[in-house]
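See below for start_11.csv, which holds CSV, N, CA and C atoms.
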```csv
chain,number,residue,atom,x,y,z
J,1,MET,N,0.9,-1.2,0.0
J,1,MET,CA,0.0,0.0,0.0
J,1,MET,C,0.9,1.2,0.0
J,2,SER,N,0.5,2.2,-0.8
J,2,SER,CA,1.4,3.4,-0.9
J,2,SER,C,1.2,4.2,0.4
J,3,ARG,N,2.2,5.0,0.6
J,3,ARG,CA,2.2,5.9,1.9
J,3,ARG,C,1.0,6.8,1.9
J,4,THR,N,0.7,7.4,0.7
J,4,THR,CA,-0.5,8.3,0.6
J,4,THR,C,-1.8,7.6,1.0
J,5,ASN,N,-2.0,6.3,0.5
J,5,ASN,CA,-3.1,5.6,0.9
J,5,ASN,C,-3.2,5.2,2.4
J,6,GLN,N,-2.0,4.9,2.9
J,6,GLN,CA,-1.9,4.5,4.3
J,6,GLN,C,-2.2,5.8,5.2
J,7,GLU,N,-1.7,6.9,4.8
J,7,GLU,CA,-2.0,8.1,5.5
J,7,GLU,C,-3.5,8.5,5.5
J,8,ALA,N,-4.1,8.3,4.3
J,8,ALA,CA,-5.6,8.5,4.2
J,8,ALA,C,-6.4,7.6,5.1
J,9,LEU,N,-6.0,6.3,5.2
J,9,LEU,CA,-6.7,5.4,6.0
J,9,LEU,C,-6.5,5.7,7.5
J,10,GLU,N,-5.3,6.1,7.9
J,10,GLU,CA,-5.1,6.5,9.2
J,10,GLU,C,-5.9,7.8,9.6
J,11,LYS,N,-6.0,8.7,8.7
J,11,LYS,CA,-6.7,9.9,9.0
J,11,LYS,C,-8.2,9.6,9.2
J,12,GLU,N,-8.7,8.7,8.3
J,12,GLU,CA,-10.1,8.3,8.4
J,12,GLU,C,-10.4,7.5,9.7
J,13,LEU,N,-9.4,6.7,10.1
J,13,LEU,CA,-9.5,5.9,11.4
J,13,LEU,C,-9.5,6.9,12.5
J,14,ASP,N,-8.6,7.8,12.5
J,14,ASP,CA,-8.5,8.9,13.6
J,14,ASP,C,-9.8,9.6,13.7
J,15,ASN,N,-10.4,10.0,12.6
J,15,ASN,CA,-11.7,10.7,12.7
J,15,ASN,C,-12.8,9.8,13.3
J,16,ASP,N,-12.8,8.6,12.8
J,16,ASP,CA,-13.9,7.6,13.3
J,16,ASP,C,-13.7,7.4,14.8
J,17,ILE,N,-12.4,7.2,15.2
J,17,ILE,CA,-12.2,7.0,16.7
J,17,ILE,C,-12.6,8.2,17.5
J,18,VAL,N,-12.2,9.4,17.1
J,18,VAL,CA,-12.5,10.6,17.9
J,18,VAL,C,-14.0,10.8,17.9
J,19,ASN,N,-14.7,10.6,16.8
J,19,ASN,CA,-16.2,10.8,16.9
J,19,ASN,C,-16.8,9.7,17.8
J,20,TYR,N,-16.4,8.5,17.6
J,20,TYR,CA,-17.0,7.4,18.5
J,20,TYR,C,-16.6,7.6,19.9
J,21,LEU,N,-15.4,8.0,20.2
J,21,LEU,CA,-14.9,8.2,21.6
J,21,LEU,C,-15.8,9.3,22.2
J,22,ALA,N,-16.0,10.4,21.5
J,22,ALA,CA,-16.9,11.5,22.1
J,22,ALA,C,-18.2,11.0,22.5
J,23,ALA,N,-18.8,10.2,21.6
J,23,ALA,CA,-20.2,9.6,21.9
J,23,ALA,C,-20.1,8.6,23.1
J,24,TYR,N,-19.1,7.7,23.0
J,24,TYR,CA,-18.9,6.6,24.0
J,24,TYR,C,-18.7,7.2,25.4
J,25,LYS,N,-17.9,8.2,25.5
J,25,LYS,CA,-17.6,8.8,26.8
J,25,LYS,C,-18.5,10.0,27.1
J,26,ASP,N,-19.4,10.3,26.2
J,26,ASP,CA,-20.3,11.5,26.4
J,26,ASP,C,-19.6,12.7,26.7
J,27,THR,N,-18.7,13.1,25.8
J,27,THR,CA,-17.8,14.2,26.0
J,27,THR,C,-17.8,15.0,24.7
J,28,SER,N,-17.1,16.2,24.8
J,28,SER,CA,-17.0,17.0,23.6
J,28,SER,C,-16.0,16.4,22.6
J,29,LEU,N,-16.1,16.8,21.3
J,29,LEU,CA,-15.2,16.4,20.3
J,29,LEU,C,-13.8,16.9,20.7
J,30,GLU,N,-13.7,18.1,21.2
J,30,GLU,CA,-12.4,18.7,21.6
J,30,GLU,C,-11.7,17.8,22.7
J,31,ASN,N,-12.5,17.4,23.7
J,31,ASN,CA,-12.0,16.6,24.7
J,31,ASN,C,-11.6,15.2,24.2
J,32,ALA,N,-12.4,14.7,23.3
J,32,ALA,CA,-12.1,13.4,22.7
J,32,ALA,C,-10.8,13.4,21.9
J,33,LEU,N,-10.6,14.5,21.1
J,33,LEU,CA,-9.4,14.7,20.4
J,33,LEU,C,-8.2,14.7,21.3
J,34,ASP,N,-8.3,15.5,22.4
J,34,ASP,CA,-7.2,15.5,23.3
J,34,ASP,C,-6.9,14.2,23.9
J,35,ILE,N,-7.9,13.5,24.3
J,35,ILE,CA,-7.7,12.1,24.9
J,35,ILE,C,-7.1,11.2,23.9
J,36,TYR,N,-7.6,11.2,22.7
J,36,TYR,CA,-7.1,10.2,21.7
J,36,TYR,C,-5.6,10.5,21.3
J,37,TYR,N,-5.4,11.8,21.0
J,37,TYR,CA,-4.0,12.1,20.4
J,37,TYR,C,-2.9,12.0,21.5
J,38,ARG,N,-3.3,12.0,22.8
J,38,ARG,CA,-2.3,11.8,23.9
J,38,ARG,C,-2.2,10.3,24.2
J,39,SER,N,-3.0,9.4,23.6
J,39,SER,CA,-3.0,8.0,24.0
J,39,SER,C,-2.0,7.2,23.3
J,40,GLN,N,-1.7,6.1,24.0
J,40,GLN,CA,-0.8,5.0,23.4
J,40,GLN,C,-1.5,4.4,22.2
J,41,LEU,N,-2.8,4.4,22.2
J,41,LEU,CA,-3.5,3.8,21.0
J,41,LEU,C,-3.2,4.6,19.8
J,42,CYS,N,-3.2,5.9,19.8
J,42,CYS,CA,-2.9,6.8,18.7
J,42,CYS,C,-1.5,6.5,18.2
J,43,ALA,N,-0.5,6.4,19.1
J,43,ALA,CA,0.9,6.1,18.8
J,43,ALA,C,1.0,4.8,18.1
J,44,ALA,N,0.3,3.8,18.6
J,44,ALA,CA,0.4,2.4,18.1
J,44,ALA,C,-0.2,2.4,16.7
J,45,ILE,N,-1.3,3.1,16.4
J,45,ILE,CA,-1.9,3.1,15.1
J,45,ILE,C,-0.9,3.8,14.1
J,46,HIS,N,-0.4,4.9,14.5
J,46,HIS,CA,0.5,5.6,13.5
J,46,HIS,C,1.9,4.9,13.4
J,47,GLN,N,2.2,4.0,14.3
J,47,GLN,CA,3.5,3.2,14.1
J,47,GLN,C,3.2,1.9,13.4
J,48,GLY,N,1.9,1.6,13.2
J,48,GLY,CA,1.5,0.4,12.5
J,48,GLY,C,1.8,-0.9,13.3
J,49,LEU,N,1.8,-0.8,14.7
J,49,LEU,CA,2.1,-1.9,15.5
J,49,LEU,C,1.0,-3.0,15.4
J,50,HIS,N,1.4,-4.2,15.2
J,50,HIS,CA,0.6,-5.4,15.2
J,50,HIS,C,-0.7,-5.3,14.3
J,51,GLY,N,-0.6,-4.4,13.3
J,51,GLY,CA,-1.8,-4.3,12.4
J,51,GLY,C,-3.0,-3.7,13.1
J,52,ILE,N,-2.8,-3.0,14.2
J,52,ILE,CA,-3.9,-2.5,15.0
J,52,ILE,C,-4.7,-1.5,14.1
J,53,GLN,N,-4.1,-0.8,13.2
J,53,GLN,CA,-4.8,0.1,12.3
J,53,GLN,C,-5.9,-0.5,11.4
J,54,TYR,N,-5.9,-1.8,11.4
J,54,TYR,CA,-6.9,-2.5,10.5
J,54,TYR,C,-8.2,-2.9,11.3
J,55,LEU,N,-8.1,-2.7,12.6
J,55,LEU,CA,-9.3,-3.1,13.5
J,55,LEU,C,-10.4,-2.0,13.4
J,56,ASP,N,-11.6,-2.5,13.7
J,56,ASP,CA,-12.7,-1.6,13.7
J,56,ASP,C,-12.6,-0.5,14.8
J,57,HIS,N,-12.9,0.7,14.5
J,57,HIS,CA,-12.8,1.8,15.4
J,57,HIS,C,-13.6,1.7,16.7
J,58,ARG,N,-14.7,1.0,16.6
J,58,ARG,CA,-15.5,0.8,17.8
J,58,ARG,C,-14.9,-0.2,18.8
J,59,VAL,N,-14.3,-1.2,18.2
J,59,VAL,CA,-13.5,-2.2,19.0
J,59,VAL,C,-12.4,-1.5,19.7
J,60,LEU,N,-11.6,-0.7,19.0
J,60,LEU,CA,-10.5,0.0,19.5
J,60,LEU,C,-10.9,0.9,20.7
J,61,VAL,N,-11.9,1.7,20.5
J,61,VAL,CA,-12.3,2.6,21.5
J,61,VAL,C,-12.8,1.8,22.8
J,62,GLU,N,-13.7,0.8,22.6
J,62,GLU,CA,-14.2,0.1,23.7
J,62,GLU,C,-13.2,-0.7,24.4
J,63,GLU,N,-12.2,-1.2,23.7
J,63,GLU,CA,-11.2,-2.0,24.4
J,63,GLU,C,-10.1,-1.1,25.1
J,64,TYR,N,-9.8,0.0,24.4
J,64,TYR,CA,-8.7,0.8,25.0
J,64,TYR,C,-9.2,1.8,26.0
J,65,PHE,N,-10.4,2.4,25.8
J,65,PHE,CA,-10.9,3.4,26.6
J,65,PHE,C,-12.1,3.0,27.5
J,66,GLY,N,-12.5,1.7,27.4
J,66,GLY,CA,-13.6,1.2,28.1
J,66,GLY,C,-13.4,0.9,29.5
```

Representation of the structure as structure tokens:
Amino acid sequence: MSRTNQEALEKELDNDIVNYLAAYKDTSLENALDIYYRSQLCAAIHQGLHGIQYLDHRVLVEEYFG
């Protein structure tokens, strides 16, 4: 997969995670952004660790932040 495609998929996953996290934690999008981008989950996704970036955003949020 090209780097451009990978970046696009990561951006889409980031967006999905932040939106779902805001709803899941009943918090603002701004707070969800802060929580997510400071998390180990975000780092793992952007480093491509263990193929985590291919998992469903709902599973990632519920497992990591649940």

Go through J:Val18, J:Val61, J:Tyr24, J:Thr4 and flag the residue nearest Tyr37 of chain J, using all atoms listed in the file for the distances.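 Looking only at the distances to Tyr37 of chain J, the closest residue turns out to be J:Val18.
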
In Å, rounded to a single decimal, give me how far atom N of Ala22 of chain J is from atom CA of Gly51 of chain J.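 For atom CA of Gly51 of chain J relative to atom N of Ala22 of chain J, the distance reads 22.4 Å.
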
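The nearest approach to Glu10 of chain J among the residues J:Ile52, J:Ile45, J:Ala23, J:Leu29, with only C-alpha atoms taken into account, belongs to J:Ile45.
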